[in-house]
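A.B. asks: Structure provided below as structure tokens; questions to follow.
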Amino acid sequence: MNVPIFLARKVRHAPQGSFSATVTKIGVASIALGLAVLIVSFAVLYGFKFTIQQKIFLFGAHVQVGKFTNNYSYAESPIALNTRLYRERNQIPGVRHIQAVALKAGILKTQDELTGVVLKGVGNDYDWDLLRGSLIAGTIPAVGADTGTGSTQLLISQYMANQLQVKVGQSVPLYFLGNPPRARKMNIVGIYETGLEEVDKTIAIGDIRLIQRLNNWGPDSVGSYEIFVNNFERLEPTAATIFNIMTPDMRLTRVTDQYRPLFDWMVLLDRNMIILLTLITFVSSFNMVSVLLVLMMERTPMIGLLKALGGPDPLIRRMFVYVGLNMVGWGLLIGNVVGLGLCFLQDRFKLIPLDAKNYFMNYVPIVWDWPTILALNGGTVLLIALVLWAPTFIISRIQPVKALAFKK
């Protein structure tokens with residue numbers, strides 16, 4: 001028989017309504033509440049970061065490689081497709097996908113309204129998977145068809161559609177500045193919305209062949225390469241690998257530099273989460289120490305009796321640690337049920353909405369990061385188990401004679 005566990009069961013099964021039972025419930029509730037808050041907080045934090053990053057990657061990519069030039073306007077200098085970087089795109093370590101794009105500024109104009117846009121030309125190698133999640137009407141444009149002049153199908157943002165008062169299926173002229181100015185009649189086939197004002201106000205997507213024709217480029221000339229990495233956490237070493245493959249006339253731009261304010265904001269979210277984690281950990285640990293001290297004070301006569309019968313201090317300390325760990329177990333069970341349940345409800349039914357103008361999304365996002373959830377559970381058990389040993393050392397100062405004479 002394991003004596004500490006046997007005694008812990010006797011201490012744990014206090015009569016309902018007793019002071020010990022009430023204190024035990026408070027200890028379990030504090031652990032459950034702390035763990036539930038942490039699970040929900042990390043799920044929401046990762047949800048915010050993942051959703052915002054995915055929206056940025058729609059039009060920013062992880063790395064962009066273009067012609068090295070002092071011109072910072074949308075009038076790009078062409079780079080060839082016949083480069084080592086593009087030819088070996090499937091063999092570069094850490095790189096998932098490379099696509100060729102081109103940009104050209106223009107003006108969309110209806111009879112009563114107009115708005116400035118940047119036409120992003122894409123081809124057959126463009127990855128539409130990310131954009132499909134932000135498509136709210138219509139379909140993606142057909143690009144890369146062997147028409148010579150390029151498709152006139154156009155994908156615009158909801159902001160542009162509202163500005164121009166147009167919808168899917170309508171045609172609108174797109175004017176390109178030049179000498180003389182040129183216009184193309186574009187057919188709106190889809191409308192997207194990211195919630196990122198900088199993107200929604202600017203980017204329209206069409207066929208890269210149209211831009212190549214307008215710029216008098218050949219079919220093997222593009223404006224830049226958009227590069228996606230396998231692991232965003234390893235962006236820097238992968239960017240270094242890309243840089244070593246580039247030719248001297250190319251320039252590399254990381255998405256973290258292009259959208260620095262948004263990534264700085266996400267770093268601030270991480271710092272706030274660390275502060276929250278520290279506060280909740282401190283409160284939960286303090287509550288458990290307080291609960292255990294109260295239980296030991298109430299069980300002072302029992303401690304004195306065990307000592308009088310020859311029970312060593314380490315045995316009695318382990319007994320109370322087992323009592324505390326039992327409360328931790330129940331707290332973890334309840335905390336996981338509550339925390340994961342709340343996350344499931346929000347993920348499934350989108351119960352909590354958000355203002356897209358301020359948060360770049362319409363509802364609170366949830367990401368299921370199971371390693372983090374397991375780490376929170378394991379960390380809670382380990383930390384509280386270590387903290388529980390501190391108050392038990394008071395047992396060594398309790399004298400059996402005084403303890404047996406102790407009155408409640």
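Naming works like this for the structure tokens: A, B, ... for the chains as they're shown, residue 1 at the start of each chain, ligands 1 onward in shown order.
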If DSSP is run on the backbone, what residues of range 134-244 of chain A are helix (DSSP H, G or I)? A reply as a PyMOL selection string would be ideal.

C.D. replies: chain A and resi 158-164+197-200+208-214+232-244

A.B. asks: Please indicate the distance in Å from CA of Gly195 in chain A to CA of Gln258 in chain A, rounded to one decimal place.

C.D. replies: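 Separation between CA of Gly195 in chain A and CA of Gln258 in chain A: 17.4 Å.
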
A.B. asks: Using only C-alpha atoms, which residue out of A:Gln212, A:Pro248, A:Trp217, A:Gln165 lies closest to Thr83 in chain A?

C.D. replies: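 That would be A:Pro248, the residue with the smallest distance to Thr83 in chain A.
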
A.B. asks: Go through range 169-200 of chain A residue by residue and, counting only C-alpha atoms, keep those with an atom at most 12 Å from range 90-106 of chain A; for each kept residue give the shortest atom pair and its distance in Å to one decimal, ordered by chain and increasing number, as CSV.

C.D. replies:
```
residue,atom,partner,partner_atom,distance
A:Pro173,CA,A:Gly106,CA,10.1
A:Leu174,CA,A:Gly106,CA,6.4
A:Tyr175,CA,A:Gly106,CA,5.4
A:Phe176,CA,A:Gly106,CA,4.5
A:Leu177,CA,A:Gly106,CA,6.4
A:Gly178,CA,A:Gly106,CA,9.9
A:Pro181,CA,A:Gly106,CA,9.9
A:Arg182,CA,A:Gly106,CA,9.5
A:Ala183,CA,A:Gly106,CA,9.0
A:Arg184,CA,A:Gly106,CA,10.3
```

A.B. asks: Which residue gives the smallest distance to Phe344 in chain A among A:Arg397, A:Ala43, A:Val328, A:Asn244, with only C-alpha atoms counted?

C.D. replies: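 Of the candidates, the smallest distance to Phe344 in chain A is held by A:Ala43.
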
A.B. asks: Rank A:Leu114, A:Leu58, A:Ala161, A:Val294 by their smallest atom-to-atom distance to Leu131 in chain A, using only C-alpha atoms, and report the top residue only.

C.D. replies: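 The shortest atom-to-atom distance to Leu131 in chain A comes from A:Leu58.
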
A.B. asks: Go through A:Asp112, A:Asp347, A:Glu197, A:Asp129 and flag the residue nearest Tyr359 in chain A, using only C-alpha atoms for the distances.

C.D. replies: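 The closest residue to Tyr359 in chain A is A:Glu197.
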
A.B. asks: Residues of range 19-103 of chain A that have any atom at most 10 Å from an atom of range 277-290 of chain A: could you tabulate them with the shortest-distance atom pair and the distance in Å to one decimal, using only C-alpha atoms, ordered by chain and increasing number, as JSON lines?

C.D. replies:
```
{"residue": "A:Val23", "atom": "CA", "partner": "A:Ser290", "partner_atom": "CA", "distance": 9.2}
{"residue": "A:Thr24", "atom": "CA", "partner": "A:Met288", "partner_atom": "CA", "distance": 9.3}
{"residue": "A:Ile26", "atom": "CA", "partner": "A:Asn287", "partner_atom": "CA", "distance": 8.3}
{"residue": "A:Gly27", "atom": "CA", "partner": "A:Met288", "partner_atom": "CA", "distance": 5.9}
{"residue": "A:Val28", "atom": "CA", "partner": "A:Met288", "partner_atom": "CA", "distance": 8.7}
{"residue": "A:Ala29", "atom": "CA", "partner": "A:Ser284", "partner_atom": "CA", "distance": 9.6}
{"residue": "A:Ser30", "atom": "CA", "partner": "A:Ser284", "partner_atom": "CA", "distance": 6.0}
{"residue": "A:Ile31", "atom": "CA", "partner": "A:Ser284", "partner_atom": "CA", "distance": 5.9}
{"residue": "A:Ala32", "atom": "CA", "partner": "A:Ser284", "partner_atom": "CA", "distance": 9.3}
{"residue": "A:Leu33", "atom": "CA", "partner": "A:Ser284", "partner_atom": "CA", "distance": 8.9}
{"residue": "A:Gly34", "atom": "CA", "partner": "A:Ile280", "partner_atom": "CA", "distance": 5.9}
{"residue": "A:Leu35", "atom": "CA", "partner": "A:Ile280", "partner_atom": "CA", "distance": 8.5}
{"residue": "A:Val37", "atom": "CA", "partner": "A:Ile280", "partner_atom": "CA", "distance": 8.5}
{"residue": "A:Leu38", "atom": "CA", "partner": "A:Leu277", "partner_atom": "CA", "distance": 7.0}
{"residue": "A:Ser41", "atom": "CA", "partner": "A:Leu277", "partner_atom": "CA", "distance": 9.3}
{"residue": "A:Phe42", "atom": "CA", "partner": "A:Leu277", "partner_atom": "CA", "distance": 9.6}
```

A.B. asks: I want to know what sits within 12 Å of Leu386 in chain A, based on only C-alpha atoms, with residues of the same chain fewer than 5 positions away left out; could you give that as a short mmCIF file (atom, residue, chain, number, x, y, z; two decimals) with N, CA and C atoms, in the first residue's frame?

C.D. replies:
```cif
data_model
loop_
_atom_site.label_atom_id
_atom_site.label_comp_id
_atom_site.auth_asym_id
_atom_site.auth_seq_id
_atom_site.Cartn_x
_atom_site.Cartn_y
_atom_site.Cartn_z
N SER A 285 -0.77 29.68 -9.17
CA SER A 285 0.19 29.13 -8.21
C SER A 285 -0.07 29.66 -6.81
N MET A 288 -3.09 27.92 -5.33
CA MET A 288 -2.82 26.55 -4.90
C MET A 288 -2.03 26.51 -3.59
N VAL A 289 -1.04 27.42 -3.46
CA VAL A 289 -0.28 27.49 -2.21
C VAL A 289 -1.20 27.86 -1.05
N ARG A 318 4.47 14.44 1.10
CA ARG A 318 3.98 13.81 -0.14
C ARG A 318 2.47 13.65 -0.10
N VAL A 321 1.04 16.91 -1.12
CA VAL A 321 1.33 17.15 -2.54
C VAL A 321 0.37 16.34 -3.41
N TYR A 322 0.09 15.09 -3.02
CA TYR A 322 -0.87 14.27 -3.76
C TYR A 322 -2.28 14.88 -3.71
N GLY A 324 -2.87 18.08 -3.53
CA GLY A 324 -2.82 19.19 -4.48
C GLY A 324 -2.86 18.72 -5.92
N LEU A 325 -2.13 17.63 -6.22
CA LEU A 325 -2.12 17.13 -7.60
C LEU A 325 -3.48 16.61 -8.02
N GLY A 379 2.79 22.06 -18.75
CA GLY A 379 3.42 23.12 -17.98
C GLY A 379 2.66 23.42 -16.70
N THR A 380 1.33 23.36 -16.77
CA THR A 380 0.52 23.60 -15.57
C THR A 380 0.79 22.56 -14.50
N VAL A 381 0.81 21.30 -14.91
CA VAL A 381 1.08 20.22 -13.95
C VAL A 381 2.47 20.36 -13.34
N PRO A 391 4.87 25.05 0.48
CA PRO A 391 4.16 25.14 1.75
C PRO A 391 4.28 23.89 2.62
N THR A 392 4.60 22.72 2.01
CA THR A 392 4.65 21.49 2.80
C THR A 392 5.83 21.47 3.76
#
```

A.B. asks: Counting only C-alpha atoms, which residue out of A:Leu196, A:Ile334, A:Ile107, A:Ile188 sits closest to Gln170 in chain A?

C.D. replies: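 Answer, going by the shortest atom-to-atom distance: A:Ile188.
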
A.B. asks: DSSP on the backbone, strand (DSSP E) only: what residues of range 57-267 of chain A does that give? Format it as a ChimeraX atom specification.

C.D. replies: /A:63-67,79-80,95-109,114-122,135-138,153-157,171-176,182-192,203-207,221-222,224-229,250-254

A.B. asks: My list of candidates is A:Trp389, A:Tyr225, A:Phe360, A:Phe50. Which is closest to Glu198 in chain A when distances are computed with only C-alpha atoms?

C.D. replies: A:Phe360

A.B. asks: Can you work out the spacing between CA of Ser157 in chain A and CA of Ile211 in chain A in Å, to one decimal?

C.D. replies: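 So the two atoms, CA of Ser157 in chain A and CA of Ile211 in chain A, lie 19.4 Å apart.
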
A.B. asks: Suppose you want the space between CA of Asp257 in chain A and CA of Met273 in chain A; what is it in Å?

C.D. replies: 23.5 Å

A.B. asks: Do you know which residues are at most 9 Å from Ile39 in chain A counting only C-alpha atoms, after dropping those on the same chain fewer than 5 positions away, and could you put them as number ranges by chain?

C.D. replies: A: 34, 44, 335-336, 339-340, 343, 372-373, 376

A.B. asks: Suppose we keep C-alpha atoms; can you now write the selection as an mmCIF file, in the first residue's frame?

C.D. replies:
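And here is the file that came out, again36.cif:
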```
data_model
loop_
_atom_site.group_PDB
_atom_site.id
_atom_site.type_symbol
_atom_site.label_atom_id
_atom_site.label_comp_id
_atom_site.auth_asym_id
_atom_site.auth_seq_id
_atom_site.Cartn_x
_atom_site.Cartn_y
_atom_site.Cartn_z
ATOM 1 C CA GLY A 34 -6.663 29.766 -15.629
ATOM 2 C CA VAL A 44 -7.362 33.397 -30.593
ATOM 3 C CA GLY A 335 -10.361 23.663 -17.847
ATOM 4 C CA ASN A 336 -9.866 21.659 -21.041
ATOM 5 C CA GLY A 339 -11.579 26.085 -22.989
ATOM 6 C CA LEU A 340 -11.820 23.664 -25.907
ATOM 7 C CA CYS A 343 -13.047 27.431 -28.982
ATOM 8 C CA THR A 372 0.605 24.339 -27.581
ATOM 9 C CA ILE A 373 -2.478 22.936 -25.829
ATOM 10 C CA LEU A 376 -0.092 24.305 -21.505
#
```

A.B. asks: I'd like the contact shell of Phe243 in chain A - 12 Å cut-off, only C-alpha atoms, skipping same-chain residues fewer than 2 positions apart - returned as a list in words.

C.D. replies: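 Everything that qualifies: Val63, Gln64, Val65, Gly66, Arg84, Leu85, Ile92, Ile227, Leu235, Glu236, Pro237, Thr238, Ala239, Ala240, Thr241, Ile245, Met246, Thr247, Pro248, Asp249, Met250, Arg251, Leu252, Thr253 and Arg254 of chain A.
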